[in-house]
>>> print(open('structure.cif').read())   # mmCIF, N, CA and C atoms
data_input
loop_
_atom_site.label_atom_id
_atom_site.label_comp_id
_atom_site.auth_asym_id
_atom_site.auth_seq_id
_atom_site.Cartn_x
_atom_site.Cartn_y
_atom_site.Cartn_z
N MET S 1 -33.57 -13.50 0.46
CA MET S 1 -34.86 -13.00 0.89
C MET S 1 -34.65 -11.87 1.89
N SER S 2 -35.38 -10.80 1.70
CA SER S 2 -35.29 -9.66 2.59
C SER S 2 -36.25 -9.86 3.77
N LEU S 3 -35.75 -9.62 4.96
CA LEU S 3 -36.57 -9.78 6.17
C LEU S 3 -37.29 -8.48 6.50
N THR S 4 -38.51 -8.61 6.97
CA THR S 4 -39.25 -7.44 7.45
C THR S 4 -38.89 -7.22 8.93
N ALA S 5 -39.30 -6.09 9.46
CA ALA S 5 -39.08 -5.81 10.88
C ALA S 5 -39.79 -6.86 11.73
N GLU S 6 -40.96 -7.30 11.28
CA GLU S 6 -41.70 -8.33 12.02
C GLU S 6 -40.96 -9.67 12.00
N ASP S 7 -40.34 -10.01 10.86
CA ASP S 7 -39.55 -11.24 10.79
C ASP S 7 -38.39 -11.20 11.78
N ILE S 8 -37.68 -10.07 11.83
CA ILE S 8 -36.55 -9.93 12.75
C ILE S 8 -37.03 -10.01 14.19
N TYR S 9 -38.16 -9.38 14.50
CA TYR S 9 -38.71 -9.47 15.85
C TYR S 9 -39.07 -10.91 16.20
N THR S 10 -39.67 -11.63 15.25
CA THR S 10 -40.04 -13.04 15.47
C THR S 10 -38.81 -13.88 15.74
N ILE S 11 -37.75 -13.66 14.98
CA ILE S 11 -36.49 -14.39 15.21
C ILE S 11 -35.96 -14.09 16.60
N ARG S 12 -35.96 -12.82 16.97
CA ARG S 12 -35.49 -12.45 18.32
C ARG S 12 -36.34 -13.10 19.41
N LEU S 13 -37.64 -13.17 19.18
CA LEU S 13 -38.54 -13.80 20.15
C LEU S 13 -38.22 -15.30 20.29
N LEU S 14 -37.96 -15.96 19.16
CA LEU S 14 -37.66 -17.40 19.19
C LEU S 14 -36.36 -17.72 19.92
N VAL S 15 -35.39 -16.80 19.90
CA VAL S 15 -34.11 -17.06 20.55
C VAL S 15 -33.94 -16.26 21.85
N ASN S 16 -35.01 -15.63 22.30
CA ASN S 16 -34.98 -14.85 23.54
C ASN S 16 -33.92 -13.75 23.50
N ASP S 17 -33.93 -12.97 22.44
CA ASP S 17 -32.98 -11.89 22.25
C ASP S 17 -33.71 -10.56 22.03
N LEU S 18 -34.72 -10.33 22.85
CA LEU S 18 -35.49 -9.09 22.74
C LEU S 18 -34.79 -7.97 23.49
N PRO S 19 -34.85 -6.75 22.96
CA PRO S 19 -34.23 -5.63 23.68
C PRO S 19 -34.92 -5.38 25.01
N SER S 20 -34.14 -4.96 25.98
CA SER S 20 -34.67 -4.69 27.31
C SER S 20 -34.97 -3.21 27.46
N ASP S 21 -36.09 -2.93 28.11
CA ASP S 21 -36.43 -1.54 28.42
C ASP S 21 -35.75 -1.09 29.70
N ASP S 22 -35.28 -2.05 30.49
CA ASP S 22 -34.69 -1.75 31.78
C ASP S 22 -33.17 -1.72 31.67
N THR S 23 -32.61 -0.53 31.49
CA THR S 23 -31.16 -0.42 31.32
C THR S 23 -30.41 -0.62 32.63
N GLN S 24 -31.10 -0.61 33.76
CA GLN S 24 -30.43 -0.87 35.03
C GLN S 24 -30.13 -2.35 35.21
N VAL S 25 -30.94 -3.21 34.57
CA VAL S 25 -30.73 -4.65 34.66
C VAL S 25 -29.79 -5.12 33.56
N HIS S 26 -29.97 -4.62 32.35
CA HIS S 26 -29.17 -5.04 31.20
C HIS S 26 -28.39 -3.85 30.65
N ASP S 27 -27.10 -4.05 30.41
CA ASP S 27 -26.30 -2.97 29.87
C ASP S 27 -26.18 -3.05 28.34
N HIS S 28 -26.95 -3.92 27.73
CA HIS S 28 -26.93 -4.06 26.27
C HIS S 28 -28.36 -4.13 25.76
N GLU S 29 -28.51 -3.87 24.48
CA GLU S 29 -29.85 -3.97 23.91
C GLU S 29 -30.17 -5.40 23.51
N THR S 30 -29.36 -5.97 22.63
CA THR S 30 -29.59 -7.34 22.16
C THR S 30 -28.25 -8.05 22.00
N ILE S 31 -28.31 -9.36 21.91
CA ILE S 31 -27.09 -10.15 21.70
C ILE S 31 -26.64 -10.02 20.26
N PHE S 32 -27.58 -10.17 19.34
CA PHE S 32 -27.29 -10.15 17.91
C PHE S 32 -27.82 -8.86 17.29
N SER S 33 -27.06 -8.29 16.38
CA SER S 33 -27.52 -7.09 15.68
C SER S 33 -28.48 -7.49 14.56
N ASP S 34 -29.25 -6.52 14.10
CA ASP S 34 -30.13 -6.77 12.95
C ASP S 34 -29.30 -7.21 11.75
N ARG S 35 -28.12 -6.65 11.61
CA ARG S 35 -27.24 -7.00 10.50
C ARG S 35 -26.82 -8.47 10.59
N ASP S 36 -26.50 -8.96 11.79
CA ASP S 36 -26.18 -10.38 11.97
C ASP S 36 -27.33 -11.25 11.46
N ILE S 37 -28.53 -10.89 11.86
CA ILE S 37 -29.72 -11.67 11.49
C ILE S 37 -29.94 -11.62 9.98
N GLU S 38 -29.81 -10.44 9.39
CA GLU S 38 -30.01 -10.31 7.95
C GLU S 38 -28.96 -11.09 7.16
N LEU S 39 -27.72 -11.10 7.64
CA LEU S 39 -26.67 -11.86 6.95
C LEU S 39 -26.94 -13.35 7.01
N LEU S 40 -27.38 -13.84 8.16
CA LEU S 40 -27.72 -15.26 8.25
C LEU S 40 -28.91 -15.60 7.35
N ALA S 41 -29.86 -14.69 7.26
CA ALA S 41 -31.02 -14.92 6.38
C ALA S 41 -30.59 -14.99 4.92
N SER S 42 -29.58 -14.22 4.56
CA SER S 42 -29.12 -14.23 3.16
C SER S 42 -28.49 -15.56 2.77
N LEU S 43 -28.10 -16.37 3.75
CA LEU S 43 -27.53 -17.69 3.48
C LEU S 43 -28.59 -18.73 3.18
N GLU S 44 -29.84 -18.41 3.49
CA GLU S 44 -30.93 -19.37 3.29
C GLU S 44 -31.46 -19.31 1.86
N SER S 45 -31.69 -20.48 1.29
CA SER S 45 -32.19 -20.53 -0.09
C SER S 45 -33.73 -20.54 -0.15
N ALA S 46 -34.38 -20.80 0.97
CA ALA S 46 -35.85 -20.85 0.98
C ALA S 46 -36.43 -19.47 0.71
N SER S 47 -37.60 -19.46 0.08
CA SER S 47 -38.25 -18.19 -0.22
C SER S 47 -39.48 -17.95 0.64
N VAL S 48 -39.81 -18.89 1.50
CA VAL S 48 -40.97 -18.76 2.37
C VAL S 48 -40.50 -18.20 3.72
N ALA S 49 -41.07 -17.08 4.13
CA ALA S 49 -40.63 -16.40 5.34
C ALA S 49 -40.69 -17.30 6.56
N ALA S 50 -41.74 -18.12 6.69
CA ALA S 50 -41.88 -19.00 7.85
C ALA S 50 -40.72 -19.97 7.96
N VAL S 51 -40.19 -20.41 6.83
CA VAL S 51 -39.04 -21.33 6.83
C VAL S 51 -37.77 -20.57 7.17
N VAL S 52 -37.55 -19.43 6.54
CA VAL S 52 -36.34 -18.65 6.77
C VAL S 52 -36.23 -18.21 8.22
N VAL S 53 -37.33 -17.73 8.79
CA VAL S 53 -37.33 -17.26 10.18
C VAL S 53 -36.89 -18.38 11.12
N ARG S 54 -37.43 -19.57 10.93
CA ARG S 54 -37.07 -20.69 11.81
C ARG S 54 -35.64 -21.15 11.60
N ARG S 55 -35.17 -21.16 10.37
CA ARG S 55 -33.79 -21.58 10.09
C ARG S 55 -32.78 -20.59 10.68
N VAL S 56 -33.07 -19.29 10.53
CA VAL S 56 -32.17 -18.28 11.09
C VAL S 56 -32.17 -18.36 12.62
N ALA S 57 -33.33 -18.54 13.22
CA ALA S 57 -33.40 -18.69 14.68
C ALA S 57 -32.59 -19.90 15.13
N ALA S 58 -32.67 -20.99 14.37
CA ALA S 58 -31.90 -22.20 14.72
C ALA S 58 -30.40 -21.92 14.64
N ARG S 59 -29.97 -21.19 13.61
CA ARG S 59 -28.55 -20.83 13.50
C ARG S 59 -28.09 -19.99 14.68
N LEU S 60 -28.93 -19.03 15.08
CA LEU S 60 -28.58 -18.17 16.22
C LEU S 60 -28.49 -18.98 17.51
N LEU S 61 -29.41 -19.91 17.71
CA LEU S 61 -29.35 -20.76 18.90
C LEU S 61 -28.08 -21.60 18.91
N ARG S 62 -27.66 -22.08 17.76
CA ARG S 62 -26.41 -22.86 17.70
C ARG S 62 -25.20 -21.98 18.00
N ARG S 63 -25.24 -20.72 17.56
CA ARG S 63 -24.15 -19.78 17.90
C ARG S 63 -24.13 -19.55 19.41
N MET S 64 -25.31 -19.40 20.01
CA MET S 64 -25.38 -19.21 21.46
C MET S 64 -24.85 -20.44 22.19
N ALA S 65 -25.17 -21.62 21.67
CA ALA S 65 -24.70 -22.87 22.29
C ALA S 65 -23.19 -22.96 22.23
N THR S 66 -22.60 -22.57 21.12
CA THR S 66 -21.14 -22.58 20.99
C THR S 66 -20.51 -21.62 21.97
N ASP S 67 -21.07 -20.41 22.07
CA ASP S 67 -20.55 -19.43 23.03
C ASP S 67 -20.65 -19.96 24.45
N GLU S 68 -21.78 -20.58 24.78
CA GLU S 68 -21.98 -21.12 26.13
C GLU S 68 -20.96 -22.21 26.43
N ASN S 69 -20.71 -23.05 25.46
CA ASN S 69 -19.73 -24.13 25.63
C ASN S 69 -18.33 -23.58 25.82
N LEU S 70 -17.97 -22.55 25.05
CA LEU S 70 -16.63 -21.97 25.13
C LEU S 70 -16.43 -21.19 26.43
N LEU S 71 -17.46 -20.48 26.87
CA LEU S 71 -17.31 -19.61 28.03
C LEU S 71 -17.55 -20.31 29.36
N SER S 72 -18.60 -21.09 29.46
CA SER S 72 -19.01 -21.62 30.75
C SER S 72 -18.41 -22.98 31.09
N LYS S 73 -18.39 -23.86 30.12
CA LYS S 73 -17.95 -25.24 30.35
C LYS S 73 -18.72 -25.82 31.54
N LYS S 74 -18.13 -26.75 32.26
CA LYS S 74 -18.76 -27.28 33.47
C LYS S 74 -17.85 -26.94 34.64
N ILE S 75 -18.35 -26.06 35.49
CA ILE S 75 -17.53 -25.53 36.58
C ILE S 75 -18.26 -25.74 37.90
N THR S 76 -17.54 -26.23 38.90
CA THR S 76 -18.09 -26.35 40.25
C THR S 76 -17.05 -25.81 41.23
N THR S 77 -17.47 -24.80 42.00
CA THR S 77 -16.61 -24.25 43.04
C THR S 77 -17.44 -24.00 44.28
N GLN S 78 -17.02 -24.49 45.38
CA GLN S 78 -17.70 -24.32 46.65
C GLN S 78 -19.20 -24.57 46.50
N ASP S 79 -20.02 -23.53 46.59
CA ASP S 79 -21.48 -23.72 46.51
C ASP S 79 -22.06 -23.29 45.17
N LEU S 80 -21.22 -23.07 44.17
CA LEU S 80 -21.68 -22.63 42.85
C LEU S 80 -21.36 -23.69 41.81
N SER S 81 -22.35 -23.99 40.99
CA SER S 81 -22.15 -24.94 39.91
C SER S 81 -22.74 -24.38 38.62
N VAL S 82 -21.95 -24.39 37.56
CA VAL S 82 -22.39 -23.92 36.24
C VAL S 82 -22.16 -25.06 35.26
N ASP S 83 -23.20 -25.39 34.52
CA ASP S 83 -23.09 -26.49 33.55
C ASP S 83 -23.38 -25.96 32.15
N GLY S 84 -22.38 -25.31 31.58
CA GLY S 84 -22.52 -24.75 30.25
C GLY S 84 -22.76 -25.81 29.19
N VAL S 85 -22.23 -27.01 29.41
CA VAL S 85 -22.43 -28.11 28.46
C VAL S 85 -23.91 -28.47 28.37
N ALA S 86 -24.59 -28.54 29.51
CA ALA S 86 -26.02 -28.87 29.52
C ALA S 86 -26.85 -27.75 28.88
N VAL S 87 -26.48 -26.51 29.17
CA VAL S 87 -27.19 -25.37 28.57
C VAL S 87 -27.01 -25.40 27.06
N ALA S 88 -25.79 -25.64 26.61
CA ALA S 88 -25.52 -25.70 25.17
C ALA S 88 -26.32 -26.83 24.51
N ALA S 89 -26.41 -27.97 25.19
CA ALA S 89 -27.17 -29.10 24.64
C ALA S 89 -28.65 -28.74 24.49
N GLU S 90 -29.19 -28.03 25.46
CA GLU S 90 -30.60 -27.61 25.39
C GLU S 90 -30.80 -26.60 24.25
N LEU S 91 -29.87 -25.68 24.08
CA LEU S 91 -29.97 -24.72 22.98
C LEU S 91 -29.93 -25.43 21.63
N ARG S 92 -29.06 -26.43 21.53
CA ARG S 92 -28.99 -27.20 20.27
C ARG S 92 -30.27 -27.99 20.04
N ALA S 93 -30.87 -28.52 21.10
CA ALA S 93 -32.13 -29.25 20.95
C ALA S 93 -33.24 -28.32 20.46
N GLN S 94 -33.27 -27.10 20.98
CA GLN S 94 -34.26 -26.12 20.50
C GLN S 94 -34.01 -25.79 19.03
N ALA S 95 -32.74 -25.66 18.65
CA ALA S 95 -32.40 -25.38 17.26
C ALA S 95 -32.85 -26.53 16.36
N ASP S 96 -32.62 -27.76 16.81
CA ASP S 96 -33.05 -28.92 16.02
C ASP S 96 -34.57 -28.94 15.84
N ALA S 97 -35.31 -28.56 16.90
CA ALA S 97 -36.77 -28.53 16.81
C ALA S 97 -37.23 -27.47 15.81
N LEU S 98 -36.58 -26.31 15.80
CA LEU S 98 -36.93 -25.26 14.83
C LEU S 98 -36.60 -25.70 13.41
N ASP S 99 -35.46 -26.39 13.23
CA ASP S 99 -35.11 -26.91 11.90
C ASP S 99 -36.14 -27.93 11.42
N ALA S 100 -36.58 -28.81 12.32
CA ALA S 100 -37.58 -29.81 11.96
C ALA S 100 -38.90 -29.14 11.57
N GLU S 101 -39.28 -28.10 12.30
CA GLU S 101 -40.51 -27.37 11.99
C GLU S 101 -40.39 -26.67 10.63
N ALA S 102 -39.23 -26.08 10.37
CA ALA S 102 -39.01 -25.43 9.07
C ALA S 102 -39.08 -26.44 7.93
N THR S 103 -38.50 -27.61 8.14
CA THR S 103 -38.54 -28.66 7.12
C THR S 103 -39.97 -29.11 6.86
N ARG S 104 -40.76 -29.26 7.94
CA ARG S 104 -42.16 -29.65 7.78
C ARG S 104 -42.93 -28.62 6.98
N ILE S 105 -42.74 -27.36 7.30
CA ILE S 105 -43.44 -26.29 6.58
C ILE S 105 -43.00 -26.28 5.11
N HIS S 106 -41.72 -26.46 4.88
CA HIS S 106 -41.22 -26.47 3.50
C HIS S 106 -41.74 -27.66 2.71
N ASP S 107 -41.72 -28.84 3.33
CA ASP S 107 -42.12 -30.06 2.64
C ASP S 107 -43.64 -30.20 2.48
N GLU S 108 -44.36 -29.95 3.56
CA GLU S 108 -45.81 -30.14 3.55
C GLU S 108 -46.56 -28.88 3.19
N GLY S 109 -45.94 -27.76 3.45
CA GLY S 109 -46.60 -26.49 3.23
C GLY S 109 -47.42 -26.09 4.44
N ASP S 110 -47.38 -24.83 4.74
CA ASP S 110 -48.20 -24.27 5.81
C ASP S 110 -49.62 -24.17 5.25
N PRO S 111 -50.64 -24.60 5.99
CA PRO S 111 -52.00 -24.58 5.47
C PRO S 111 -52.45 -23.23 4.93
N MET S 112 -51.92 -22.14 5.43
CA MET S 112 -52.35 -20.83 4.97
C MET S 112 -51.47 -20.27 3.86
N LEU S 113 -50.32 -20.89 3.58
CA LEU S 113 -49.48 -20.42 2.49
C LEU S 113 -49.96 -21.03 1.19
N GLY S 114 -50.24 -20.22 0.23
CA GLY S 114 -50.67 -20.71 -1.07
C GLY S 114 -52.12 -21.14 -1.12
N ALA S 115 -52.91 -20.83 -0.09
CA ALA S 115 -54.33 -21.20 -0.11
C ALA S 115 -55.07 -20.28 -1.08
N TRP S 116 -55.99 -20.84 -1.82
CA TRP S 116 -56.84 -20.04 -2.68
C TRP S 116 -58.25 -20.58 -2.61
N PHE S 117 -59.21 -19.76 -2.90
CA PHE S 117 -60.60 -20.12 -2.71
C PHE S 117 -61.34 -20.16 -4.03
N GLU S 118 -62.14 -21.19 -4.22
CA GLU S 118 -62.98 -21.32 -5.42
C GLU S 118 -64.21 -20.41 -5.24
N PRO S 119 -64.85 -20.03 -6.34
CA PRO S 119 -66.03 -19.17 -6.24
C PRO S 119 -67.13 -19.74 -5.33
N MET S 120 -67.23 -21.06 -5.22
CA MET S 120 -68.27 -21.67 -4.40
C MET S 120 -67.85 -21.78 -2.93
N GLY S 121 -66.68 -21.29 -2.59
CA GLY S 121 -66.25 -21.29 -1.20
C GLY S 121 -65.39 -22.48 -0.83
N GLU S 122 -65.11 -23.38 -1.75
CA GLU S 122 -64.28 -24.53 -1.44
C GLU S 122 -62.83 -24.08 -1.37
N CYS S 123 -62.12 -24.52 -0.37
CA CYS S 123 -60.73 -24.14 -0.19
C CYS S 123 -59.84 -25.24 -0.75
N ARG S 124 -58.90 -24.85 -1.59
CA ARG S 124 -57.90 -25.77 -2.10
C ARG S 124 -56.54 -25.19 -1.80
N TYR S 125 -55.59 -26.06 -1.63
CA TYR S 125 -54.24 -25.60 -1.31
C TYR S 125 -53.35 -25.80 -2.53
N GLY S 126 -52.81 -24.71 -3.01
CA GLY S 126 -51.90 -24.76 -4.14
C GLY S 126 -50.47 -24.69 -3.65
N SER S 127 -49.56 -24.71 -4.57
CA SER S 127 -48.15 -24.60 -4.21
C SER S 127 -47.57 -23.34 -4.85
N LEU S 128 -48.30 -22.26 -4.73
CA LEU S 128 -47.91 -21.02 -5.37
C LEU S 128 -46.62 -20.45 -4.81
N TYR S 129 -46.31 -20.74 -3.55
CA TYR S 129 -45.16 -20.12 -2.91
C TYR S 129 -43.96 -21.06 -2.84
N PHE S 130 -44.03 -22.21 -3.44
CA PHE S 130 -42.91 -23.15 -3.35
C PHE S 130 -42.25 -23.32 -4.69
#
>>> encode(input="structure.cif", output="structure tokens")
Amino acid sequence: MSLTAEDIYTIRLLVNDLPSDDTQVHDHETIFSDRDIELLASLESASVAAVVVRRVAARLLRRMATDENLLSKKITTQDLSVDGVAVAAELRAQADALDAEATRIHDEGDPMLGAWFEPMGECRYGSLYF
């Protein structure tokens, strides 16, 4: 599935990887390139954008958790304490929540995906996109 610019922006928003306008604070634009995001999206078999976006965001959060675990670990020196293990656990929990949401959308369907209207105004939900 090909991602739109809005899909990529939504993924970046979900993983807090938005480009910064303030180059004095941040010396980089984003953590992940658009190409990274597109490659992860190509691994997904789902055809519904809402599912793919959440699954890719979950994968990115798990990559961030692994990096945090490898780099930070649990360090305490004098008056500074860094708990990379706890940060990684929280990132994985967020990834699990996004995966669960994607599964719900895939299994139950998003109310607005595949909706069609009868001439009399009655709304029925089809499975046109699954």
>>> closest_residue(input="structure.cif", among="S:Thr66, S:Thr77, S:Ser72, S:Thr10", to="S:Asp34", atoms="only C-alpha atoms")
S:Thr10
>>> closest_residue(input="structure.cif", among="S:Leu60, S:Ala46, S:Met1, S:Asn69", to="S:Asp17", atoms="only C-alpha atoms")
S:Leu60
>>> atom_distance(input="structure.cif", atom1="atom C of S:Ile31", atom2="atom C of S:Leu13")
12.7 Å
>>> closest_residue(input="structure.cif", among="S:Leu80, S:Ala5, S:Val48, S:Leu91", to="S:Asp67", atoms="only C-alpha atoms")
S:Leu91
>>> resolve_selection(input="structure.cif", expression="the PyMOL selection byres (((chain S and resi 71 and name CA) around 12) and name CA)", output="list of chain:residue names")
S:Met64, S:Ala65, S:Thr66, S:Asp67, S:Glu68, S:Asn69, S:Leu70, S:Ser72, S:Lys73, S:Lys74, S:Ile75, S:Val82, S:Asp83, S:Gly84, S:Val85, S:Val87, S:Ala88
>>> atom_distance(input="structure.cif", atom1="atom C of S:Ser33", atom2="atom N of S:Asp107")
27.5 Å
>>> resolve_selection(input="structure.cif", expression="the PyMOL selection byres (((chain S and resi 101-106 and name CA) around 10) and name CA)", output="PDB file with N, CA and C atoms, in the frame of the given file")
ATOM      1  N   ALA S  46     -34.380 -20.800   0.970  1.00  0.00           N
ATOM      2  CA  ALA S  46     -35.850 -20.850   0.980  1.00  0.00           C
ATOM      3  C   ALA S  46     -36.430 -19.470   0.710  1.00  0.00           C
ATOM      4  N   SER S  47     -37.600 -19.460   0.080  1.00  0.00           N
ATOM      5  CA  SER S  47     -38.250 -18.190  -0.220  1.00  0.00           C
ATOM      6  C   SER S  47     -39.480 -17.950   0.640  1.00  0.00           C
ATOM      7  N   VAL S  48     -39.810 -18.890   1.500  1.00  0.00           N
ATOM      8  CA  VAL S  48     -40.970 -18.760   2.370  1.00  0.00           C
ATOM      9  C   VAL S  48     -40.500 -18.200   3.720  1.00  0.00           C
ATOM     10  N   ALA S  49     -41.070 -17.080   4.130  1.00  0.00           N
ATOM     11  CA  ALA S  49     -40.630 -16.400   5.340  1.00  0.00           C
ATOM     12  C   ALA S  49     -40.690 -17.300   6.560  1.00  0.00           C
ATOM     13  N   ALA S  50     -41.740 -18.120   6.690  1.00  0.00           N
ATOM     14  CA  ALA S  50     -41.880 -19.000   7.850  1.00  0.00           C
ATOM     15  C   ALA S  50     -40.720 -19.970   7.960  1.00  0.00           C
ATOM     16  N   VAL S  51     -40.190 -20.410   6.830  1.00  0.00           N
ATOM     17  CA  VAL S  51     -39.040 -21.330   6.830  1.00  0.00           C
ATOM     18  C   VAL S  51     -37.770 -20.570   7.170  1.00  0.00           C
ATOM     19  N   VAL S  52     -37.550 -19.430   6.540  1.00  0.00           N
ATOM     20  CA  VAL S  52     -36.340 -18.650   6.770  1.00  0.00           C
ATOM     21  C   VAL S  52     -36.230 -18.210   8.220  1.00  0.00           C
ATOM     22  N   VAL S  53     -37.330 -17.730   8.790  1.00  0.00           N
ATOM     23  CA  VAL S  53     -37.330 -17.260  10.180  1.00  0.00           C
ATOM     24  C   VAL S  53     -36.890 -18.380  11.120  1.00  0.00           C
ATOM     25  N   ARG S  54     -37.430 -19.570  10.930  1.00  0.00           N
ATOM     26  CA  ARG S  54     -37.070 -20.690  11.810  1.00  0.00           C
ATOM     27  C   ARG S  54     -35.640 -21.150  11.600  1.00  0.00           C
ATOM     28  N   ARG S  55     -35.170 -21.160  10.370  1.00  0.00           N
ATOM     29  CA  ARG S  55     -33.790 -21.580  10.090  1.00  0.00           C
ATOM     30  C   ARG S  55     -32.780 -20.590  10.680  1.00  0.00           C
ATOM     31  N   ALA S  58     -32.670 -20.990  14.370  1.00  0.00           N
ATOM     32  CA  ALA S  58     -31.900 -22.200  14.720  1.00  0.00           C
ATOM     33  C   ALA S  58     -30.400 -21.920  14.640  1.00  0.00           C
ATOM     34  N   ALA S  95     -32.740 -25.660  18.650  1.00  0.00           N
ATOM     35  CA  ALA S  95     -32.400 -25.380  17.260  1.00  0.00           C
ATOM     36  C   ALA S  95     -32.850 -26.530  16.360  1.00  0.00           C
ATOM     37  N   ASP S  96     -32.620 -27.760  16.810  1.00  0.00           N
ATOM     38  CA  ASP S  96     -33.050 -28.920  16.020  1.00  0.00           C
ATOM     39  C   ASP S  96     -34.570 -28.940  15.840  1.00  0.00           C
ATOM     40  N   ALA S  97     -35.310 -28.560  16.900  1.00  0.00           N
ATOM     41  CA  ALA S  97     -36.770 -28.530  16.810  1.00  0.00           C
ATOM     42  C   ALA S  97     -37.230 -27.470  15.810  1.00  0.00           C
ATOM     43  N   LEU S  98     -36.580 -26.310  15.800  1.00  0.00           N
ATOM     44  CA  LEU S  98     -36.930 -25.260  14.830  1.00  0.00           C
ATOM     45  C   LEU S  98     -36.600 -25.700  13.410  1.00  0.00           C
ATOM     46  N   ASP S  99     -35.460 -26.390  13.230  1.00  0.00           N
ATOM     47  CA  ASP S  99     -35.110 -26.910  11.900  1.00  0.00           C
ATOM     48  C   ASP S  99     -36.140 -27.930  11.420  1.00  0.00           C
ATOM     49  N   ALA S 100     -36.580 -28.810  12.320  1.00  0.00           N
ATOM     50  CA  ALA S 100     -37.580 -29.810  11.960  1.00  0.00           C
ATOM     51  C   ALA S 100     -38.900 -29.140  11.570  1.00  0.00           C
ATOM     52  N   ASP S 107     -41.720 -28.840   3.330  1.00  0.00           N
ATOM     53  CA  ASP S 107     -42.120 -30.060   2.640  1.00  0.00           C
ATOM     54  C   ASP S 107     -43.640 -30.200   2.480  1.00  0.00           C
ATOM     55  N   GLU S 108     -44.360 -29.950   3.560  1.00  0.00           N
ATOM     56  CA  GLU S 108     -45.810 -30.140   3.550  1.00  0.00           C
ATOM     57  C   GLU S 108     -46.560 -28.880   3.190  1.00  0.00           C
ATOM     58  N   GLY S 109     -45.940 -27.760   3.450  1.00  0.00           N
ATOM     59  CA  GLY S 109     -46.600 -26.490   3.230  1.00  0.00           C
ATOM     60  C   GLY S 109     -47.420 -26.090   4.440  1.00  0.00           C
ATOM     61  N   ASP S 110     -47.380 -24.830   4.740  1.00  0.00           N
ATOM     62  CA  ASP S 110     -48.200 -24.270   5.810  1.00  0.00           C
ATOM     63  C   ASP S 110     -49.620 -24.170   5.250  1.00  0.00           C
ATOM     64  N   PRO S 111     -50.640 -24.600   5.990  1.00  0.00           N
ATOM     65  CA  PRO S 111     -52.000 -24.580   5.470  1.00  0.00           C
ATOM     66  C   PRO S 111     -52.450 -23.230   4.930  1.00  0.00           C
ATOM     67  N   LEU S 113     -50.320 -20.890   3.580  1.00  0.00           N
ATOM     68  CA  LEU S 113     -49.480 -20.420   2.490  1.00  0.00           C
ATOM     69  C   LEU S 113     -49.960 -21.030   1.190  1.00  0.00           C
ATOM     70  N   TYR S 129     -46.310 -20.740  -3.550  1.00  0.00           N
ATOM     71  CA  TYR S 129     -45.160 -20.120  -2.910  1.00  0.00           C
ATOM     72  C   TYR S 129     -43.960 -21.060  -2.840  1.00  0.00           C
ATOM     73  N   PHE S 130     -44.030 -22.210  -3.440  1.00  0.00           N
ATOM     74  CA  PHE S 130     -42.910 -23.150  -3.350  1.00  0.00           C
ATOM     75  C   PHE S 130     -42.250 -23.320  -4.690  1.00  0.00           C
TER      76      PHE S 130
END
>>> select_by_dssp(input="structure.cif", residues="stretch 2-110 of chain S", states="strand (DSSP E or B)", output="MDAnalysis selection string")
chainID S and resid 74:77 80:83
>>> atom_distance(input="structure.cif", atom1="atom CA of S:Glu29", atom2="atom CA of S:Leu43")
24.7 Å
>>> resolve_selection(input="structure.cif", expression="the PyMOL selection byres ((chain S and resi 18) around 8)", output="list in words")
Tyr9, Ile11, Arg12, Leu13, Leu14, Val15, Asn16, Asp17, Pro19, Ser20, Asp21, His28, Glu29, Thr30, Ile31 and Phe32 of chain S
>>> axis_aligned_box(input="structure.cif", around="stretch 38-50 of chain S", padding_each_side="4 Å", output="AutoDock Vina command-line options")
--center_x -34.3 --center_y -15.6 --center_z 4.6 --size_x 23.2 --size_y 18.5 --size_z 17.6
>>> select_by_dssp(input="structure.cif", residues="stretch 3-116 of chain S", states="helix (DSSP H, G or I)", output="PyMOL selection string")
chain S and resi 5-14+34-42+49-71+84-108
